2 protein chains.
Amino acid sequence: MTAAGRDAAVLVDVPGGVCAVSGIRAAGIAAGLRPSGKPDLALVAADRTVAAAAVQTTNQVSAMPVRVTARHVADGRARAVLLNAGNANVCTGPDGLAVAQESAVVAAAALDCAPTDILLCSTGVIGVPLAREPLLPAIPRVASALSPDGGAAAARAIMTTDTLAKQAAVRLTDGEAGCVVGGMAKGSGMIAPEMATMLCVLTTDAAAPVTELQPLLAEVVAETFGRITVDGCQSTNDAVVLLATGAAPVGAASLRRALTAVCAELAEQLVRDGEGAERVLHVTVGGARSEADALGVARAIAASALVRTAIAGGDPNWGRVLAAMGAGPVLFDPDRVEVAFGATTVCRGGTVAAFDRPKASAELVGPDVTLRVDLGLGAAEATVLTCDLTHDYIRINAEYTT
Amino acid sequence: MTAAGRDAAVLVDVPGGVCAVSGIRAAGIAAGLRPSGKPDLALVAADRTVAAAAVQTTNQVSAMPVRVTARHVADGRARAVLLNAGNANVCTGPDGLAVAQESAVVAAAALDCAPTDILLCSTGVIGVPLAREPLLPAIPRVASALSPDGGAAAARAIMTTDTLAKQAAVRLTDGEAGCVVGGMAKGSGMIAPEMATMLCVLTTDAAAPVTELQPLLAEVVAETFGRITVDGCQSTNDAVVLLATGAAPVGAASLRRALTAVCAELAEQLVRDGEGAERVLHVTVGGARSEADALGVARAIAASALVRTAIAGGDPNWGRVLAAMGAGPVLFDPDRVEVAFGATTVCRGGTVAAFDRPKASAELVGPDVTLRVDLGLGAAEATVLTCDLTHDYIRINAEYTT
């Protein structure tokens, strides 16, 4: 967890994941969608229909659950989120859409709410029909397993190539007021249609007007999940869904802060568990004319396969960093650029700095590598997280084929 | 070599690479720039100063030889191209620029021409000062080794992570008129600053007005080298240089055709020898509203790490193809998309087609894999070439560190 967006005096970590919020129950079961028999069906439900928002993939090839969720969340209200692993339900035609809709109907019956109050997320293989069996009969089972202690089970049931379940929750106290935000997520490539997709469910007790919730979520997602990359590939199923029970009267600024903390924590967990990842690379670009410029340069660096393989090799290869920056869309002056790995400046004025090579290499040994680029043009700064590109990424995506 | 842009009746392959053109001599020697002692200095020279054009990297971080060449080719004339491997001479500050300029002065003295008639190309490590020794003293040696049979030696002397030297030449006969175009190139990531960069020298006897040569070269490069990708990384040193002796009176259309044939052949050789490549993936997108749309979709597919790892794994994973298309900038209708590997259609109407999986997998076994996408929206088509993403790419770029 980075310090950004947090202050220990008012923001504290709490256990429970999505269930850290009072009135939220969750469950995760093995429905039989995955050949491995691992848990693959999760439900996160509020005790009643509450305020809701969702930010989903902009991929033109969107999954059936993405389409259903877009419609069901349009009124800013929802009761529950039903998530499955093992099948992404995308490129599955009209029958795939029908199965998604039917799953919402079955879940609504189990929870005694309207089908339009059910939001859906799926992750898994693309283009394979999602069978009604064993999915639909398992939905009442996962509903009856709902529990205020079910956060961890739900987080486990959405894992695919993830090696660790991802949860986070914070309590923000601001004088008399305060709120709790909980969350769970799964990665672990930005997309790996066989098995992975980024999904996230957030819960909060904060009371925020429905009209504010959606733009607030969009902003927070852009600043957290929007600033990580694993393989540069965008999923057809990406979704971040928020349920807000409204029990805790708290200002939008406080909710924003707590949401950002949980999303930043989950985003970093996603990168750390990126496919094949051994190291997290924190790319911070400063000295930019604007935050958009800083972000553009940081993204160009983080997207470079050559930078990411250099990190895997423990090589402080600043030349690849400059080459990646230069190929990007943001204009800068190469002669002003400074590059540092950790505390070791390796490039100054666009050319090699006198540096101790063993010391620079030592900056690339641990699980976290910090790369700082200063453009020398202004005061704006932005950070993007990625992971190193290793043999295991190839193994996961090439050798384990359908 | 694909059939595109060629007609055996008038266009035939000839030996000799850059020296296939009368009046062009070449040489390649070991100057001692590479620790391995392999050849690392090449010279391609016309017998006198001739028409010339160059298309170089648009990377903001441009190499010293790129800057010198841009100035020297501005008058549309040149005598020779001096190329070195082992050091890219980029991010090397004012002294790096001075060394480049001095190398042109020394080459000019050896060839008895003006320094501004010498064009320069470099490939190798970024940010390491290019020492005057052993480079400058080796230049008279490579000049005295110039020979009409030196094409292969020159092609070998610019190799870095390339495993094969890359040459091509054609003779175009069009009634009474005709011309020869020769070429050599090196890859083998689009960039791998340690060792690789795309460089290409083309020669021709065609007489074309200087004012036509530069736009013609730019167009041909965009349609050939501009339609391949290995790792999506752009070099600081990329350069395609053309020397035209002017001995053969031939129309611009004929020259264009012969140039396109040689550039397409060299481009395919670059991809086939891309870092870690085991297979060439020919991505053809048809049924598009415009060629620009077709190209945009083909680029999005070819750039996808997940598509490229699927090809490495022999997996006819059309879901990854659709996901990559959908994340791209070109609008299309997913429900009209058809995808075929070789002769096997795997996706129709945006969803899975009934296909024989072993047969589809068999389409991915050989050294060439053909992926055809039909958008069902128009008649325009474009092809982009890439290679599969394998363990060897990681090995070359991560494990072999500086």
# chains A, B, ... in the order shown; residues from 1 in each chain; ligands from 1
>>> interface_residues(of="chain A", to="chain B", cutoff="7 Å", atoms="only C-alpha atoms", output="mmCIF file with N, CA and C atoms, in the first residue's frame")
data_model
loop_
_atom_site.group_PDB
_atom_site.id
_atom_site.type_symbol
_atom_site.label_atom_id
_atom_site.label_comp_id
_atom_site.auth_asym_id
_atom_site.auth_seq_id
_atom_site.Cartn_x
_atom_site.Cartn_y
_atom_site.Cartn_z
ATOM 1 N N ASN A 59 -14.397 -1.722 -24.282
ATOM 2 C CA ASN A 59 -14.140 -2.606 -25.416
ATOM 3 C C ASN A 59 -15.419 -2.751 -26.255
ATOM 4 N N GLN A 60 -15.278 -2.604 -27.577
ATOM 5 C CA GLN A 60 -16.441 -2.724 -28.457
ATOM 6 C C GLN A 60 -17.047 -4.115 -28.430
ATOM 7 N N VAL A 61 -16.193 -5.092 -28.115
ATOM 8 C CA VAL A 61 -16.681 -6.448 -27.959
ATOM 9 C C VAL A 61 -16.955 -6.623 -26.467
ATOM 10 N N CYS A 91 -19.125 -12.977 -26.855
ATOM 11 C CA CYS A 91 -19.166 -13.585 -28.182
ATOM 12 C C CYS A 91 -19.990 -14.864 -28.144
ATOM 13 N N THR A 92 -21.069 -14.834 -27.388
ATOM 14 C CA THR A 92 -21.890 -16.030 -27.210
ATOM 15 C C THR A 92 -23.278 -15.856 -27.826
ATOM 16 N N GLY A 93 -23.478 -14.716 -28.517
ATOM 17 C CA GLY A 93 -24.721 -14.550 -29.275
ATOM 18 C C GLY A 93 -25.949 -14.351 -28.399
ATOM 19 N N ILE A 126 -13.528 -16.865 -23.590
ATOM 20 C CA ILE A 126 -14.366 -16.128 -24.541
ATOM 21 C C ILE A 126 -14.949 -17.090 -25.568
ATOM 22 N N GLY A 127 -16.195 -16.861 -25.938
ATOM 23 C CA GLY A 127 -16.757 -17.511 -27.111
ATOM 24 C C GLY A 127 -17.226 -18.932 -26.899
ATOM 25 N N PRO A 193 -8.323 -14.138 -21.802
ATOM 26 C CA PRO A 193 -9.682 -14.665 -21.983
ATOM 27 C C PRO A 193 -9.867 -16.090 -21.489
ATOM 28 N N ASP A 231 -0.424 -6.313 -19.288
ATOM 29 C CA ASP A 231 0.048 -6.625 -20.634
ATOM 30 C C ASP A 231 -0.515 -5.685 -21.686
ATOM 31 N N CYS A 233 -3.400 -5.263 -22.588
ATOM 32 C CA CYS A 233 -4.583 -5.783 -23.263
ATOM 33 C C CYS A 233 -5.824 -5.449 -22.445
ATOM 34 N N GLN A 234 -6.875 -4.993 -23.143
ATOM 35 C CA GLN A 234 -8.106 -4.591 -22.472
ATOM 36 C C GLN A 234 -9.126 -5.708 -22.574
ATOM 37 N N SER A 235 -9.781 -5.949 -21.479
ATOM 38 C CA SER A 235 -10.734 -7.041 -21.442
ATOM 39 C C SER A 235 -12.078 -6.661 -22.041
ATOM 40 N N THR A 236 -12.833 -7.697 -22.365
ATOM 41 C CA THR A 236 -14.222 -7.532 -22.785
ATOM 42 C C THR A 236 -15.152 -7.533 -21.589
ATOM 43 N N SER A 304 5.978 -0.559 -22.240
ATOM 44 C CA SER A 304 7.065 -1.072 -23.066
ATOM 45 C C SER A 304 7.485 -2.485 -22.664
ATOM 46 N N ALA A 305 7.386 -3.400 -23.602
ATOM 47 C CA ALA A 305 7.821 -4.775 -23.347
ATOM 48 C C ALA A 305 9.313 -4.811 -23.044
ATOM 49 N N LEU A 306 10.069 -3.896 -23.636
ATOM 50 C CA LEU A 306 11.519 -3.901 -23.418
ATOM 51 C C LEU A 306 11.878 -3.375 -22.034
ATOM 52 N N THR A 309 10.870 -6.286 -19.665
ATOM 53 C CA THR A 309 11.807 -7.417 -19.638
ATOM 54 C C THR A 309 13.111 -7.003 -18.960
ATOM 55 N N ALA A 310 13.528 -5.741 -19.096
ATOM 56 C CA ALA A 310 14.732 -5.278 -18.406
ATOM 57 C C ALA A 310 14.549 -5.376 -16.889
ATOM 58 N N ALA A 312 12.585 -7.480 -15.374
ATOM 59 C CA ALA A 312 12.656 -8.918 -15.070
ATOM 60 C C ALA A 312 14.112 -9.363 -14.973
ATOM 61 N N GLY A 313 14.971 -8.792 -15.809
ATOM 62 C CA GLY A 313 16.380 -9.171 -15.823
ATOM 63 C C GLY A 313 17.226 -8.404 -14.816
ATOM 64 N N ASP A 315 17.988 -5.274 -14.848
ATOM 65 C CA ASP A 315 18.900 -4.441 -15.629
ATOM 66 C C ASP A 315 18.447 -2.972 -15.568
ATOM 67 N N GLY A 319 18.261 3.409 -21.148
ATOM 68 C CA GLY A 319 18.139 3.662 -22.592
ATOM 69 C C GLY A 319 16.778 3.215 -23.109
ATOM 70 N N ARG A 320 16.317 2.062 -22.627
ATOM 71 C CA ARG A 320 14.996 1.592 -23.044
ATOM 72 C C ARG A 320 13.899 2.526 -22.531
ATOM 73 N N LEU A 322 14.175 5.831 -22.104
ATOM 74 C CA LEU A 322 14.149 7.009 -22.986
ATOM 75 C C LEU A 322 13.553 6.677 -24.347
ATOM 76 N N ALA A 323 13.895 5.517 -24.873
ATOM 77 C CA ALA A 323 13.358 5.125 -26.180
ATOM 78 C C ALA A 323 11.838 4.986 -26.115
ATOM 79 N N ALA A 324 11.330 4.407 -25.028
ATOM 80 C CA ALA A 324 9.879 4.251 -24.864
ATOM 81 C C ALA A 324 9.204 5.607 -24.723
ATOM 82 N N GLY A 326 10.314 8.453 -25.904
ATOM 83 C CA GLY A 326 10.428 9.169 -27.177
ATOM 84 C C GLY A 326 9.437 8.690 -28.209
ATOM 85 N N ALA A 327 9.038 7.423 -28.109
ATOM 86 C CA ALA A 327 8.061 6.885 -29.052
ATOM 87 C C ALA A 327 6.638 7.274 -28.672
ATOM 88 N N PRO A 334 14.494 15.806 -24.615
ATOM 89 C CA PRO A 334 15.356 14.702 -24.174
ATOM 90 C C PRO A 334 16.571 15.194 -23.377
ATOM 91 N N GLY A 350 19.690 13.785 -20.250
ATOM 92 C CA GLY A 350 19.456 12.943 -21.416
ATOM 93 C C GLY A 350 20.595 12.024 -21.773
ATOM 94 N N THR A 351 21.630 11.996 -20.962
ATOM 95 C CA THR A 351 22.737 11.093 -21.252
ATOM 96 C C THR A 351 23.163 10.398 -19.960
ATOM 97 N N VAL A 352 24.101 9.488 -20.072
ATOM 98 C CA VAL A 352 24.429 8.653 -18.917
ATOM 99 C C VAL A 352 24.992 9.493 -17.780
ATOM 100 N N THR A 390 7.928 -11.651 -17.655
ATOM 101 C CA THR A 390 8.774 -12.809 -17.367
ATOM 102 C C THR A 390 8.385 -14.023 -18.210
ATOM 103 N N HIS A 391 9.226 -15.045 -18.100
ATOM 104 C CA HIS A 391 8.908 -16.317 -18.759
ATOM 105 C C HIS A 391 7.529 -16.826 -18.373
ATOM 106 N N ILE A 394 4.645 -15.824 -20.553
ATOM 107 C CA ILE A 394 4.569 -16.627 -21.785
ATOM 108 C C ILE A 394 3.989 -18.007 -21.475
ATOM 109 N N ASN A 397 0.272 -17.862 -20.890
ATOM 110 C CA ASN A 397 -0.564 -17.468 -22.027
ATOM 111 C C ASN A 397 -0.312 -18.248 -23.304
ATOM 112 N N ALA A 398 0.809 -18.944 -23.370
ATOM 113 C CA ALA A 398 1.110 -19.693 -24.596
ATOM 114 C C ALA A 398 0.987 -21.191 -24.361
ATOM 115 N N GLU A 399 1.580 -21.651 -23.283
ATOM 116 C CA GLU A 399 1.673 -23.101 -23.123
ATOM 117 C C GLU A 399 0.408 -23.710 -22.554
ATOM 118 N N THR A 401 -2.819 -23.814 -23.240
ATOM 119 C CA THR A 401 -3.782 -23.414 -24.266
ATOM 120 C C THR A 401 -5.101 -24.117 -24.052
ATOM 121 N N THR A 402 -6.072 -23.671 -24.812
ATOM 122 C CA THR A 402 -7.397 -24.292 -24.707
ATOM 123 C C THR A 402 -7.343 -25.704 -25.238
#
>>> select_by_dssp(residues="stretch 56-102 of chain A", states="helix (DSSP H, G or I)", output="list in words")
Met64, Pro65, Val66, Arg67, Val68, Thr69, Ala70, Arg71, His72, Gly93, Pro94, Asp95, Gly96, Leu97, Ala98, Val99, Ala100, Gln101 and Glu102 of chain A
>>> residues_around(residues="A:Pro367", least_positions_apart="5", cutoff="10 Å", atoms="only C-alpha atoms", output="compact mmCIF listing (two decimals) with C-alpha atoms, in the first residue's frame")
# COMPACT_ATOMS: atom_id res chain seq x y z
CA ARG A 272 1.68 -7.63 -7.83
CA ALA A 277 4.93 -11.00 -12.21
CA GLU A 278 7.89 -11.16 -9.87
CA ARG A 279 8.26 -7.40 -9.33
CA VAL A 280 6.02 -4.35 -9.23
CA LEU A 281 7.44 -1.41 -11.18
CA CYS A 387 4.89 -5.60 -13.38
>>> residues_around(residues="B:Ala107", least_positions_apart="3", cutoff="8 Å", atoms="only C-alpha atoms", output="list in words")
Leu82, Ser103, Ala104, Ala110, Leu111, Pro115, Ile118, Ile139, Pro140 and Ala143 of chain B
>>> write_last_selection(atoms="N, CA and C atoms", output="PDB file, in the first residue's frame")
ATOM      1  N   LEU B  82      27.478   4.791 -44.279  1.00  0.00           N
ATOM      2  CA  LEU B  82      28.375   4.120 -43.327  1.00  0.00           C
ATOM      3  C   LEU B  82      27.524   3.633 -42.164  1.00  0.00           C
ATOM      4  N   SER B 103      33.160  10.797 -38.153  1.00  0.00           N
ATOM      5  CA  SER B 103      33.168   9.568 -38.956  1.00  0.00           C
ATOM      6  C   SER B 103      32.774   9.874 -40.404  1.00  0.00           C
ATOM      7  N   ALA B 104      31.881  10.847 -40.586  1.00  0.00           N
ATOM      8  CA  ALA B 104      31.526  11.255 -41.952  1.00  0.00           C
ATOM      9  C   ALA B 104      32.703  11.931 -42.640  1.00  0.00           C
ATOM     10  N   ALA B 110      38.198   9.211 -47.410  1.00  0.00           N
ATOM     11  CA  ALA B 110      38.546   7.933 -48.023  1.00  0.00           C
ATOM     12  C   ALA B 110      37.897   7.782 -49.398  1.00  0.00           C
ATOM     13  N   LEU B 111      36.732   8.391 -49.576  1.00  0.00           N
ATOM     14  CA  LEU B 111      36.002   8.245 -50.847  1.00  0.00           C
ATOM     15  C   LEU B 111      36.181   9.459 -51.749  1.00  0.00           C
ATOM     16  N   PRO B 115      31.919  15.612 -46.927  1.00  0.00           N
ATOM     17  CA  PRO B 115      31.353  14.940 -45.740  1.00  0.00           C
ATOM     18  C   PRO B 115      29.820  14.920 -45.772  1.00  0.00           C
ATOM     19  N   ILE B 118      28.004  11.810 -47.051  1.00  0.00           N
ATOM     20  CA  ILE B 118      28.036  10.550 -46.297  1.00  0.00           C
ATOM     21  C   ILE B 118      26.814  10.480 -45.381  1.00  0.00           C
ATOM     22  N   ILE B 139      37.578   3.140 -40.616  1.00  0.00           N
ATOM     23  CA  ILE B 139      36.795   3.618 -41.775  1.00  0.00           C
ATOM     24  C   ILE B 139      37.596   3.538 -43.091  1.00  0.00           C
ATOM     25  N   PRO B 140      38.860   3.992 -43.119  1.00  0.00           N
ATOM     26  CA  PRO B 140      39.624   3.804 -44.369  1.00  0.00           C
ATOM     27  C   PRO B 140      39.751   2.329 -44.751  1.00  0.00           C
ATOM     28  N   ALA B 143      36.607   1.242 -46.367  1.00  0.00           N
ATOM     29  CA  ALA B 143      36.525   1.875 -47.695  1.00  0.00           C
ATOM     30  C   ALA B 143      37.406   1.140 -48.697  1.00  0.00           C
TER      31      ALA B 143
END
>>> closest_residue(among="A:Ala239, A:Ala145, A:Ala80, A:Leu213", to="A:Arg48", atoms="only C-alpha atoms")
A:Ala80
>>> atom_distance(atom1="atom CA of B:Val221", atom2="atom CA of B:Cys121")
16.8 Å
>>> residues_around(residues="B:Lys166", least_positions_apart="2", cutoff="10 Å", atoms="only C-alpha atoms", output="ChimeraX atom specification")
/B:17,152,155-156,158-159,162-164,168,183-187,200,265-270,273
>>> write_last_selection(atoms="C-alpha atoms", output="tab-separated table (two decimals), in the first residue's frame")
chain	number	residue	atom	x	y	z
B	17	GLY	CA	21.80	-7.49	-52.34
B	152	ALA	CA	26.70	-10.09	-48.25
B	155	ALA	CA	24.65	-7.26	-44.63
B	156	ARG	CA	26.49	-9.45	-42.10
B	158	ILE	CA	25.02	-4.81	-39.43
B	159	MET	CA	23.55	-7.88	-37.68
B	162	ASP	CA	19.55	-11.06	-36.03
B	163	THR	CA	20.28	-14.72	-36.63
B	164	LEU	CA	20.38	-14.36	-40.43
B	168	ALA	CA	16.98	-8.88	-51.39
B	183	GLY	CA	18.65	-3.92	-50.42
B	184	MET	CA	19.88	-5.13	-47.07
B	185	ALA	CA	18.36	-4.78	-43.61
B	186	LYS	CA	18.73	-5.76	-39.99
B	187	GLY	CA	16.13	-6.20	-37.17
B	200	CYS	CA	17.88	-0.77	-44.25
B	265	GLU	CA	10.76	-9.09	-48.93
B	266	LEU	CA	13.12	-7.50	-46.39
B	267	ALA	CA	10.21	-6.63	-44.07
B	268	GLU	CA	9.10	-10.25	-44.06
B	269	GLN	CA	12.68	-11.38	-43.37
B	270	LEU	CA	12.79	-8.98	-40.40
B	273	ASP	CA	13.90	-13.31	-37.65
>>> residues_around(residues="A:Thr173", least_positions_apart="6", cutoff="12 Å", atoms="only C-alpha atoms", output="ChimeraX atom specification")
/A:6-13,179-181,206,248-251,254-255,257-258
>>> select_by_dssp(residues="stretch 18-232 of chain B", states="strand (DSSP E)", output="number ranges by chain")
B: 24-29, 41-56, 77-87, 118-125, 166-174, 177-192, 196-207, 228-229
>>> atom_distance(atom1="atom CA of A:Leu375", atom2="atom CA of A:Ala288")
5.7 Å
>>> residues_around(residues="B:Pro65", least_positions_apart="6", cutoff="7 Å", atoms="only C-alpha atoms", output="list of chain:residue names")
B:Ala100, B:Leu120, B:Cys121, B:Ser122
>>> decode(residues="stretch 171-274 of chain B", atoms="C-alpha atoms", output="PDB file, in the first residue's frame")
ATOM      1  CA  ARG B 171      15.224  -6.703 -61.657  1.00  0.00           C
ATOM      2  CA  LEU B 172      12.116  -5.148 -63.155  1.00  0.00           C
ATOM      3  CA  THR B 173      11.746  -5.333 -66.925  1.00  0.00           C
ATOM      4  CA  ASP B 174       9.006  -3.308 -68.529  1.00  0.00           C
ATOM      5  CA  GLY B 175       9.339  -3.518 -72.304  1.00  0.00           C
ATOM      6  CA  GLU B 176      12.514  -1.681 -73.300  1.00  0.00           C
ATOM      7  CA  ALA B 177      12.968  -0.020 -69.905  1.00  0.00           C
ATOM      8  CA  GLY B 178      13.816  -1.580 -66.593  1.00  0.00           C
ATOM      9  CA  CYS B 179      15.652  -1.101 -63.341  1.00  0.00           C
ATOM     10  CA  VAL B 180      17.291  -3.001 -60.518  1.00  0.00           C
ATOM     11  CA  VAL B 181      16.610  -2.463 -56.813  1.00  0.00           C
ATOM     12  CA  GLY B 182      18.842  -3.997 -54.175  1.00  0.00           C
ATOM     13  CA  GLY B 183      18.649  -3.919 -50.418  1.00  0.00           C
ATOM     14  CA  MET B 184      19.883  -5.126 -47.071  1.00  0.00           C
ATOM     15  CA  ALA B 185      18.365  -4.782 -43.606  1.00  0.00           C
ATOM     16  CA  LYS B 186      18.726  -5.763 -39.988  1.00  0.00           C
ATOM     17  CA  GLY B 187      16.126  -6.201 -37.167  1.00  0.00           C
ATOM     18  CA  SER B 188      15.221  -7.900 -34.976  1.00  0.00           C
ATOM     19  CA  GLY B 189      13.056  -6.337 -32.299  1.00  0.00           C
ATOM     20  CA  MET B 190      11.596  -3.108 -33.603  1.00  0.00           C
ATOM     21  CA  ILE B 191      14.011  -1.948 -30.984  1.00  0.00           C
ATOM     22  CA  ALA B 192      16.295  -3.703 -28.572  1.00  0.00           C
ATOM     23  CA  PRO B 193      18.717  -1.027 -27.526  1.00  0.00           C
ATOM     24  CA  GLU B 194      21.321  -3.492 -26.381  1.00  0.00           C
ATOM     25  CA  MET B 195      21.650  -4.935 -29.782  1.00  0.00           C
ATOM     26  CA  ALA B 196      18.997  -4.289 -32.348  1.00  0.00           C
ATOM     27  CA  THR B 197      17.325  -1.627 -34.433  1.00  0.00           C
ATOM     28  CA  MET B 198      15.799  -1.657 -37.866  1.00  0.00           C
ATOM     29  CA  LEU B 199      18.225  -0.379 -40.477  1.00  0.00           C
ATOM     30  CA  CYS B 200      17.880  -0.772 -44.246  1.00  0.00           C
ATOM     31  CA  VAL B 201      19.965   0.367 -47.191  1.00  0.00           C
ATOM     32  CA  LEU B 202      18.377   0.287 -50.637  1.00  0.00           C
ATOM     33  CA  THR B 203      20.110   0.858 -53.946  1.00  0.00           C
ATOM     34  CA  THR B 204      18.782   1.307 -57.447  1.00  0.00           C
ATOM     35  CA  ASP B 205      19.975   2.285 -60.877  1.00  0.00           C
ATOM     36  CA  ALA B 206      16.636   3.933 -61.591  1.00  0.00           C
ATOM     37  CA  ALA B 207      16.697   7.533 -62.729  1.00  0.00           C
ATOM     38  CA  ALA B 208      14.082   9.417 -60.743  1.00  0.00           C
ATOM     39  CA  PRO B 209      13.914  13.147 -60.085  1.00  0.00           C
ATOM     40  CA  VAL B 210      15.274  13.908 -56.618  1.00  0.00           C
ATOM     41  CA  THR B 211      12.021  15.625 -55.742  1.00  0.00           C
ATOM     42  CA  GLU B 212      10.119  12.400 -56.413  1.00  0.00           C
ATOM     43  CA  LEU B 213      12.501  10.053 -54.654  1.00  0.00           C
ATOM     44  CA  GLN B 214      11.818  11.125 -51.065  1.00  0.00           C
ATOM     45  CA  PRO B 215       7.988  10.952 -51.194  1.00  0.00           C
ATOM     46  CA  LEU B 216       8.192   7.691 -53.140  1.00  0.00           C
ATOM     47  CA  LEU B 217      10.447   6.138 -50.509  1.00  0.00           C
ATOM     48  CA  ALA B 218       8.214   7.390 -47.692  1.00  0.00           C
ATOM     49  CA  GLU B 219       5.151   5.794 -49.318  1.00  0.00           C
ATOM     50  CA  VAL B 220       6.848   2.472 -49.964  1.00  0.00           C
ATOM     51  CA  VAL B 221       8.261   2.333 -46.421  1.00  0.00           C
ATOM     52  CA  ALA B 222       4.827   3.067 -44.946  1.00  0.00           C
ATOM     53  CA  GLU B 223       3.338   0.174 -46.931  1.00  0.00           C
ATOM     54  CA  THR B 224       6.058  -2.354 -46.099  1.00  0.00           C
ATOM     55  CA  PHE B 225       8.251  -1.670 -43.058  1.00  0.00           C
ATOM     56  CA  GLY B 226       5.347   0.356 -41.648  1.00  0.00           C
ATOM     57  CA  ARG B 227       3.197  -2.773 -41.605  1.00  0.00           C
ATOM     58  CA  ILE B 228       5.297  -5.051 -39.487  1.00  0.00           C
ATOM     59  CA  THR B 229       5.729  -5.199 -35.747  1.00  0.00           C
ATOM     60  CA  VAL B 230       7.774  -7.367 -33.457  1.00  0.00           C
ATOM     61  CA  ASP B 231       7.383  -5.947 -29.971  1.00  0.00           C
ATOM     62  CA  GLY B 232       5.648  -2.642 -30.668  1.00  0.00           C
ATOM     63  CA  CYS B 233       8.709  -0.738 -29.534  1.00  0.00           C
ATOM     64  CA  GLN B 234      10.046   2.039 -31.747  1.00  0.00           C
ATOM     65  CA  SER B 235      13.754   2.551 -32.089  1.00  0.00           C
ATOM     66  CA  THR B 236      15.782   5.705 -31.687  1.00  0.00           C
ATOM     67  CA  ASN B 237      17.843   4.659 -34.712  1.00  0.00           C
ATOM     68  CA  ASP B 238      15.480   3.257 -37.351  1.00  0.00           C
ATOM     69  CA  ALA B 239      16.523   4.301 -40.825  1.00  0.00           C
ATOM     70  CA  VAL B 240      15.792   3.323 -44.411  1.00  0.00           C
ATOM     71  CA  VAL B 241      18.221   4.915 -46.854  1.00  0.00           C
ATOM     72  CA  LEU B 242      18.055   4.806 -50.655  1.00  0.00           C
ATOM     73  CA  LEU B 243      20.849   5.521 -53.133  1.00  0.00           C
ATOM     74  CA  ALA B 244      19.744   5.897 -56.778  1.00  0.00           C
ATOM     75  CA  THR B 245      22.494   5.956 -59.398  1.00  0.00           C
ATOM     76  CA  GLY B 246      20.179   7.152 -62.154  1.00  0.00           C
ATOM     77  CA  ALA B 247      21.674   4.988 -64.915  1.00  0.00           C
ATOM     78  CA  ALA B 248      18.375   3.354 -65.877  1.00  0.00           C
ATOM     79  CA  PRO B 249      15.599   5.531 -67.284  1.00  0.00           C
ATOM     80  CA  VAL B 250      12.416   4.081 -65.849  1.00  0.00           C
ATOM     81  CA  GLY B 251       9.053   5.454 -64.781  1.00  0.00           C
ATOM     82  CA  ALA B 252       8.197   6.191 -61.177  1.00  0.00           C
ATOM     83  CA  ALA B 253       5.529   3.485 -61.217  1.00  0.00           C
ATOM     84  CA  SER B 254       8.084   0.847 -62.194  1.00  0.00           C
ATOM     85  CA  LEU B 255      10.563   2.021 -59.575  1.00  0.00           C
ATOM     86  CA  ARG B 256       7.828   2.022 -56.991  1.00  0.00           C
ATOM     87  CA  ARG B 257       6.912  -1.540 -57.849  1.00  0.00           C
ATOM     88  CA  ALA B 258      10.482  -2.816 -57.655  1.00  0.00           C
ATOM     89  CA  LEU B 259      11.172  -0.902 -54.457  1.00  0.00           C
ATOM     90  CA  THR B 260       7.991  -2.281 -52.910  1.00  0.00           C
ATOM     91  CA  ALA B 261       8.997  -5.825 -53.834  1.00  0.00           C
ATOM     92  CA  VAL B 262      12.420  -5.491 -52.184  1.00  0.00           C
ATOM     93  CA  CYS B 263      11.077  -3.714 -49.099  1.00  0.00           C
ATOM     94  CA  ALA B 264       8.251  -6.262 -48.675  1.00  0.00           C
ATOM     95  CA  GLU B 265      10.759  -9.095 -48.926  1.00  0.00           C
ATOM     96  CA  LEU B 266      13.124  -7.500 -46.385  1.00  0.00           C
ATOM     97  CA  ALA B 267      10.210  -6.634 -44.070  1.00  0.00           C
ATOM     98  CA  GLU B 268       9.102 -10.254 -44.060  1.00  0.00           C
ATOM     99  CA  GLN B 269      12.678 -11.381 -43.366  1.00  0.00           C
ATOM    100  CA  LEU B 270      12.789  -8.984 -40.397  1.00  0.00           C
ATOM    101  CA  VAL B 271       9.623 -10.430 -38.887  1.00  0.00           C
ATOM    102  CA  ARG B 272      10.686 -14.028 -39.541  1.00  0.00           C
ATOM    103  CA  ASP B 273      13.898 -13.313 -37.651  1.00  0.00           C
ATOM    104  CA  GLY B 274      12.171 -11.197 -34.944  1.00  0.00           C
TER     105      GLY B 274
END
